[in-house]
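The structure appears right after this line, and notes come after that.
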Amino acid sequence: MEKIKAHWKQLLQTGWLKVGLFFAFIGPGIITSNVDNDAGGITTYSLAGAQYGLRLIWILIPVTAALIIIQEMCARMGVVSGKGLSDLIRERFGAKITFYLMIVLLLANLGNTLCEFAGIAASMEIFGVSKHISVPAGAFFVWWLVVKGNYKSVEKAFLLACVFYLSYIISGFLVNPDWPAIGIASITPDLNFNSGMLTMAIGIIGTTIAPWMQFYLQSSIVDKGLKAESYKYARMDVIFGSVTVNAVAFFIIMLCAVTLFQNGLKIETAKDAALALAPLAGSYASMLFAFGLLNASLFAASILPLSTAYTICEAFGWESSLNSKFTEAPQFYGLYSLMIFLGAGIILLPDVPLIAIMYYSQVINGILLPFVLIFMLLLINDKRIMGAYVNSRLMNVVSWITVIILIGLSAAMSLSAFI
């Protein structure tokens, strides 16, 4: 009996140790994935549900698998090489290619940052707060959070922001949906080649897998100090993050499908969706949706400028760490501050063509993504960098198929902008 008790005690201690280690190492994967449910992502999912009901919800299953594959490779490169993705690209492919890549990434990220401050303005207008108050206040908050903190404090704040995505899941349950019908739709592909529906399907994929994510994930893993021996925890972090981000997307599409679509209501933005939910799903669901948009916009308004600062500073060999002071990393914090200043400042200008900015920033993302994915696959198979951690043959086959599909979809999305 004593031996049995001792055995169970050891199992419990081992189990709690593993849980403790997981929570010590998590962060980059969960944060990177969840921040992709930003203002643009929430708008895309809302439109998908409102315009096509549950017909596109099945896409989230293959998108989750693709996101896990891509993010796992980034996490593996980060823990093994101890370098960010742009740093590895510069070392392997040269400064000229890296320079042009950084220009395109900077333009795309600036456009995406504008979307986040637009999301802050839209969500707070629902609560009766003018954008001339909400945008400067939001900009100061995200700037102060990063510039005055260090990696641990910033990561804790970002992980807390991830928790608030539960507001969308709660909103979904408040409408008492037909779960059997939703379950069938989730596993039944339903896609025709109608241009509008095809474009929406590409939009769902494009908003879930963005170029900046790969740079931010690898940089934050390096900044966190994770090494090859903690790879399995980094992989679990990536898998957990990829599943949770698409679970939130699932509830947004489902919520808009069973309320807006079934009642024939048309929307153009996530703000419209939040306002339209009130008479259909109740004020609680509407307010939770609006709060989720605010949280997502603030969250992404922090991460996108931070991702840009990480990426460009690594590419040019400048200091890039949240554990450094402003005087130790002036380029890093200067770029971060500039992105926030421009993003918030442009939104406050009158008659800003926001829809065009949002649209073409996604087009730039679509053009950039194939190059980033090809660079990643070449790097992950370089034994000089990865040693024994290169892709297996099976992983390479799966990865290249995934990349080829995403390249085709990105090309289709980019071409649709000019047709």
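We label chains A, B, ... in the order they appear in the structure tokens, count residues from 1 in each chain, and number ligands from 1 in the order shown.
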
Cut-off 8 Å: closest region 126-211 of chain A/region 239-263 of chain A atom pairs per residue, using only C-alpha atoms, as a tab-separated table:
residue	atom	partner	partner_atom	distance
A:Tyr165	CA	A:Val248	CA	6.9
A:Leu166	CA	A:Val248	CA	7.6
A:Tyr168	CA	A:Phe251	CA	6.3
A:Ile169	CA	A:Phe251	CA	5.7
A:Ser171	CA	A:Leu255	CA	7.4
A:Gly172	CA	A:Leu255	CA	5.2
A:Val175	CA	A:Leu255	CA	7.4
A:Pro177	CA	A:Val258	CA	6.7
A:Ile182	CA	A:Met254	CA	7.7

From a backbone DSSP assignment, name each residue in region 72-210 of chain A labelled alpha helix (DSSP H), as a ChimeraX atom specification. /A:72-81,85-93,95-126,131-147,151-163,166-174,179-186,195-208

Using only C-alpha atoms, which of the listed residues (A:Ile70, A:Ala50, A:Val146, A:Leu306) sits closest to Asn396 (chain A)?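 Of A:Ile70, A:Ala50, A:Val146, A:Leu306, the one nearest Asn396 (chain A) is A:Ile70, counting only C-alpha atoms.
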
Given only C-alpha atoms as the counted atoms, nearest of A:Ile126, A:Ala315, A:Ile184, A:Leu85 to Leu275 (chain A): A:Ile126

Any idea what's packed within 9 Å of Lys271 (chain A), counting only C-alpha atoms, ignoring anything in its chain fewer than 3 positions away? Could you give it as a list in words?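 Everything that qualifies: Thr43, Gly119, Ala122, Ser123, Glu125, Ile126, Ile267, Glu268, Ala274, Leu275, Ala276, Phe289, Ala290 and Leu293 of chain A.
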
Can you list, as a list of chain:residue names, every protein, DNA or RNA residue that comes within 10 Å of Leu107 (chain A) when you count only C-alpha atoms, leaving out same-chain residues fewer than 6 positions away?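 Listed by chain and then number, they are A:Thr113, A:Thr308, A:Tyr360, A:Ser361, A:Ile364, A:Asn365.
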
Arg76 (chain A) environment, 7 Å, only C-alpha atoms, sequence neighbours closer than 4 positions dropped, as a VMD selection string: chain A and resid 72 80 231

Applying 12 Å and only C-alpha atoms, which residues near Phe140 (chain A) remain after dropping the ones on its own chain fewer than 2 positions away? List them as number ranges by chain. A: 117, 133-138, 142-148, 298, 301-302, 337, 340-341, 343-345

Okay, now the selection with N, CA and C atoms, as an mmCIF file, in the first residue's frame?
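Printed below is selection-v2.cif as written:
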data_model
loop_
_atom_site.group_PDB
_atom_site.id
_atom_site.type_symbol
_atom_site.label_atom_id
_atom_site.label_comp_id
_atom_site.auth_asym_id
_atom_site.auth_seq_id
_atom_site.Cartn_x
_atom_site.Cartn_y
_atom_site.Cartn_z
ATOM 1 N N PHE A 117 -5.999 50.868 -34.765
ATOM 2 C CA PHE A 117 -6.461 52.106 -34.144
ATOM 3 C C PHE A 117 -7.866 52.477 -34.633
ATOM 4 N N ILE A 133 -10.682 61.042 -28.257
ATOM 5 C CA ILE A 133 -10.292 60.692 -26.889
ATOM 6 C C ILE A 133 -9.730 59.270 -26.849
ATOM 7 N N SER A 134 -10.449 58.332 -27.483
ATOM 8 C CA SER A 134 -10.077 56.915 -27.374
ATOM 9 C C SER A 134 -8.763 56.583 -28.078
ATOM 10 N N VAL A 135 -8.528 57.165 -29.252
ATOM 11 C CA VAL A 135 -7.316 56.821 -30.014
ATOM 12 C C VAL A 135 -6.049 57.327 -29.325
ATOM 13 N N PRO A 136 -5.969 58.610 -28.921
ATOM 14 C CA PRO A 136 -4.768 59.050 -28.193
ATOM 15 C C PRO A 136 -4.569 58.289 -26.877
ATOM 16 N N ALA A 137 -5.671 58.020 -26.160
ATOM 17 C CA ALA A 137 -5.552 57.284 -24.893
ATOM 18 C C ALA A 137 -5.055 55.862 -25.134
ATOM 19 N N GLY A 138 -5.594 55.217 -26.174
ATOM 20 C CA GLY A 138 -5.145 53.861 -26.508
ATOM 21 C C GLY A 138 -3.692 53.845 -26.947
ATOM 22 N N VAL A 142 -0.653 51.662 -25.008
ATOM 23 C CA VAL A 142 0.163 50.593 -25.581
ATOM 24 C C VAL A 142 1.634 51.013 -25.647
ATOM 25 N N TRP A 143 1.895 52.313 -25.847
ATOM 26 C CA TRP A 143 3.282 52.791 -25.847
ATOM 27 C C TRP A 143 3.893 52.646 -24.451
ATOM 28 N N TRP A 144 3.168 53.086 -23.433
ATOM 29 C CA TRP A 144 3.654 53.015 -22.054
ATOM 30 C C TRP A 144 3.873 51.571 -21.617
ATOM 31 N N LEU A 145 2.969 50.686 -22.014
ATOM 32 C CA LEU A 145 3.053 49.280 -21.612
ATOM 33 C C LEU A 145 4.375 48.656 -22.026
ATOM 34 N N VAL A 146 4.793 48.923 -23.264
ATOM 35 C CA VAL A 146 6.002 48.298 -23.801
ATOM 36 C C VAL A 146 7.264 49.049 -23.395
ATOM 37 N N VAL A 147 7.252 50.372 -23.533
ATOM 38 C CA VAL A 147 8.462 51.158 -23.283
ATOM 39 C C VAL A 147 8.849 51.132 -21.810
ATOM 40 N N LYS A 148 7.886 51.105 -20.919
ATOM 41 C CA LYS A 148 8.175 51.128 -19.489
ATOM 42 C C LYS A 148 8.268 49.744 -18.856
ATOM 43 N N LEU A 298 -6.633 46.908 -29.159
ATOM 44 C CA LEU A 298 -5.546 47.360 -28.283
ATOM 45 C C LEU A 298 -4.389 46.367 -28.297
ATOM 46 N N ALA A 301 -2.646 46.574 -31.590
ATOM 47 C CA ALA A 301 -1.953 47.864 -31.713
ATOM 48 C C ALA A 301 -0.647 47.868 -30.940
ATOM 49 N N SER A 302 -0.495 46.954 -29.989
ATOM 50 C CA SER A 302 0.770 46.778 -29.279
ATOM 51 C C SER A 302 1.712 45.865 -30.056
ATOM 52 N N SER A 337 7.755 53.403 -31.252
ATOM 53 C CA SER A 337 7.054 54.666 -30.980
ATOM 54 C C SER A 337 6.553 55.309 -32.274
ATOM 55 N N ILE A 340 3.397 53.613 -33.651
ATOM 56 C CA ILE A 340 2.204 53.977 -32.881
ATOM 57 C C ILE A 340 1.791 55.408 -33.193
ATOM 58 N N PHE A 341 2.760 56.316 -33.250
ATOM 59 C CA PHE A 341 2.474 57.727 -33.550
ATOM 60 C C PHE A 341 1.810 57.866 -34.920
ATOM 61 N N GLY A 343 0.297 55.423 -36.725
ATOM 62 C CA GLY A 343 -0.974 54.690 -36.762
ATOM 63 C C GLY A 343 -2.104 55.479 -36.133
ATOM 64 N N ALA A 344 -1.852 56.030 -34.932
ATOM 65 C CA ALA A 344 -2.884 56.799 -34.232
ATOM 66 C C ALA A 344 -3.111 58.148 -34.907
ATOM 67 N N GLY A 345 -2.034 58.795 -35.330
ATOM 68 C CA GLY A 345 -2.145 60.127 -35.916
ATOM 69 C C GLY A 345 -2.927 60.139 -37.214
#

Selected residue of minimal separation from Ala39 (chain A) among A:Tyr333, A:Trp318, A:Phe299, A:Tyr216, counting only C-alpha atoms: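 Going through A:Tyr333, A:Trp318, A:Phe299, A:Tyr216 one by one, the smallest distance to Ala39 (chain A) is for A:Phe299.
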
Measuring atom to atom with only C-alpha atoms, identify which of A:Val79, A:Ala234, A:Leu304, A:Ile69 is nearest to Trp400 (chain A).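 Counting only C-alpha atoms, the residue closest to Trp400 (chain A) is A:Ile69.
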
What's around Met213 (chain A) at 10 Å? Count only C-alpha atoms, leave out sequence neighbours fewer than 6 positions away in its own chain, and write the answer as a PyMOL selection string. chain A and resi 29+31-33+35-36+70-71+74+219+303-304+307

Same residues, N, CA and C atoms, output as a JSON list (two decimals), in the first residue's frame:
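So again_8.json came out as:
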[["chain", "number", "residue", "atom", "x", "y", "z"],
["A", 29, "GLY", "N", 3.68, 31.59, -28.54],
["A", 29, "GLY", "CA", 2.74, 30.94, -29.45],
["A", 29, "GLY", "C", 1.31, 31.41, -29.25],
["A", 31, "ILE", "N", 0.25, 34.18, -27.70],
["A", 31, "ILE", "CA", 0.12, 35.61, -27.99],
["A", 31, "ILE", "C", 0.11, 35.87, -29.49],
["A", 32, "THR", "N", 1.04, 35.27, -30.23],
["A", 32, "THR", "CA", 1.14, 35.50, -31.67],
["A", 32, "THR", "C", -0.14, 35.08, -32.38],
["A", 33, "SER", "N", -0.66, 33.90, -32.03],
["A", 33, "SER", "CA", -1.87, 33.42, -32.70],
["A", 33, "SER", "C", -3.07, 34.28, -32.35],
["A", 35, "VAL", "N", -3.34, 37.36, -31.27],
["A", 35, "VAL", "CA", -3.36, 38.75, -31.74],
["A", 35, "VAL", "C", -3.79, 38.83, -33.20],
["A", 36, "ASP", "N", -3.74, 37.69, -33.91],
["A", 36, "ASP", "CA", -4.19, 37.71, -35.30],
["A", 36, "ASP", "C", -5.70, 37.85, -35.40],
["A", 70, "ILE", "N", 3.19, 25.94, -39.85],
["A", 70, "ILE", "CA", 4.05, 27.11, -40.10],
["A", 70, "ILE", "C", 4.64, 27.65, -38.80],
["A", 71, "GLN", "N", 3.79, 27.79, -37.77],
["A", 71, "GLN", "CA", 4.28, 28.35, -36.51],
["A", 71, "GLN", "C", 5.25, 27.41, -35.80],
["A", 74, "CYS", "N", 8.70, 28.02, -37.14],
["A", 74, "CYS", "CA", 9.26, 29.26, -36.59],
["A", 74, "CYS", "C", 9.76, 29.05, -35.16],
["A", 219, "SER", "N", 11.03, 36.05, -32.92],
["A", 219, "SER", "CA", 11.73, 37.08, -32.14],
["A", 219, "SER", "C", 11.37, 37.00, -30.67],
["A", 303, "ILE", "N", 1.15, 44.74, -30.54],
["A", 303, "ILE", "CA", 1.98, 43.69, -31.12],
["A", 303, "ILE", "C", 2.53, 44.05, -32.50],
["A", 304, "LEU", "N", 1.70, 44.63, -33.37],
["A", 304, "LEU", "CA", 2.17, 44.91, -34.73],
["A", 304, "LEU", "C", 3.35, 45.89, -34.76],
["A", 307, "SER", "N", 6.27, 43.90, -33.40],
["A", 307, "SER", "CA", 6.78, 42.96, -34.40],
["A", 307, "SER", "C", 7.64, 43.67, -35.43]]

Computed gap from CA of Gln218 (chain A) to CA of Gly84 (chain A) is 5.3 Å

Can you tell me how far CA of Val390 (chain A) sits from CA of Met102 (chain A), in Å to one decimal?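 So the two atoms, CA of Val390 (chain A) and CA of Met102 (chain A), lie 25.7 Å apart.
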
What does the distance between CA of Ile205 (chain A) and CA of Val398 (chain A) come to in Å, to one decimal place?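 It comes out at 17.4 Å.
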